[in-house]
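Novice: If you scroll down you'll find the structure; I have some questions about it.
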Amino acid sequence: MAEELKKLTGRVQSVEWGKCIEGLNYDDLCIQPDVELPEGYKPPKFEMVDGTGDPKVHLRTYCDKLVGVGKDERICIKLFMRSLTGDALSWYISQNPKKWVNWVIMASDFMDRFRFNTENALDVFYIQNLKKKPMETFR
């Protein structure tokens, strides 16, 4: 009986341990795990973006650097992480890579997430010239 209890305890512990490490294999963690870079291809040094600045400018400069492999969307998606840092990298890593079946979907998600950087901020002159209208309260 003690032997059976020991076996069952071991099985339960292995099941619990398996739950903790689920999703840590290469295919789960890697973006485009089936994509191999062409032999001899050396990825360029990308300009890094941290989530500030215009996301479209970043996408354009990124794509411009992908001479030779830019037509393969899977490689574009796979290498994109190398151009990110800070909040942008955290966002990218937190995404489900299986939803990005093509470059446009990934680039659209990136634009949607960081679009707020392109909204026009009020400049100092506009703020200095603000005046209370006669019908408005001070609040």
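Naming works like this for the structure tokens: A, B, ... for the chains as they're shown, residue 1 at the start of each chain, ligands 1 onward in shown order.
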Could you build a table of the residues in range 76-101 of chain A lying no more than 9 Å from range 55-68 of chain A, giving for each the nearest pair of atoms and their separation in Å rounded to one decimal place, using only C-alpha atoms, ordered by chain and ascending residue number, as a tab-separated table?
Specialist:
residue	atom	partner	partner_atom	distance
A:Cys76	CA	A:Leu66	CA	7.6
A:Phe80	CA	A:Tyr62	CA	7.8
A:Ser83	CA	A:Tyr62	CA	7.5
Novice: Next, the residues of the selection above should be written as a CSV table (one decimal), in the first residue's frame with N, CA, C and O atoms.
Specialist:
chain,number,residue,atom,x,y,z
A,76,CYS,N,11.0,38.2,-42.1
A,76,CYS,CA,10.7,39.5,-41.6
A,76,CYS,C,10.2,39.5,-40.2
A,76,CYS,O,10.6,40.2,-39.3
A,80,PHE,N,12.2,40.6,-36.6
A,80,PHE,CA,11.6,41.9,-36.1
A,80,PHE,C,12.0,42.1,-34.7
A,80,PHE,O,12.3,43.2,-34.2
A,83,SER,N,14.9,44.2,-33.5
A,83,SER,CA,14.9,45.7,-33.7
A,83,SER,C,14.2,46.3,-32.5
A,83,SER,O,13.9,47.5,-32.5
Novice: Go ahead and compute the interatomic distance for CA of Phe125 in chain A and CA of Asp50 in chain A, in Å to one decimal.
Specialist: 28.5 Å
Novice: Residues within 7 Å of Ala88 in chain A, please, as a PyMOL selection string. Count only C-alpha atoms; anything in the same chain fewer than 4 positions from it doesn't count.
Specialist: chain A and resi 49-51+84+92
Novice: Which of these, A:Pro134, A:Gly53, A:Pro33, A:Pro38, has the shortest distance to Lys78 in chain A once you count only C-alpha atoms?
Specialist: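 The shortest atom-to-atom distance to Lys78 in chain A comes from A:Pro33.
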Novice: May I ask which of the residues A:Asn96, A:Lys132, A:Thr85, A:Thr52 is the closest one to Arg113 in chain A, counting only C-alpha atoms?
Specialist: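 Looking only at the distances to Arg113 in chain A, the closest residue turns out to be A:Thr52.
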Novice: Record the distance separating CA of Ile77 in chain A and CA of Leu89 in chain A, expressed in Å with one decimal.
Specialist: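 Here the two named atoms are 13.2 Å from each other.
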Novice: Under the rule that only C-alpha atoms are counted, which of A:Leu37, A:Gln95, A:Pro44, A:Asp109 is the nearest residue to Ile75 in chain A?
Specialist: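 Closest residue, counting only C-alpha atoms: A:Leu37.
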Novice: Please report the interatomic distance between CA of Met81 in chain A and CA of Thr118 in chain A in Å with one decimal.
Specialist: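 Going from CA of Met81 in chain A over to CA of Thr118 in chain A, I get 21.2 Å.
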Novice: Enumerate the residues of range 31-104 of chain A with a DSSP assignment of alpha helix (DSSP H), computed from the backbone, and present them as a ChimeraX atom specification.
Specialist: /A:55-65,73-80,86-94,103-104
Novice: So, with only C-alpha atoms as the atoms that count, which of A:Tyr126, A:Lys7, A:Asn102, A:Ile93 lies closest to Asp72 in chain A?
Specialist: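 The shortest atom-to-atom distance to Asp72 in chain A comes from A:Asn102.
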Novice: So, with only C-alpha atoms as the atoms that count, which of A:Asn117, A:Gln32, A:Gln128, A:Thr137 lies closest to Glu73 in chain A?
Specialist: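 Using only C-alpha atoms, the shortest distance to Glu73 in chain A belongs to A:Gln32.
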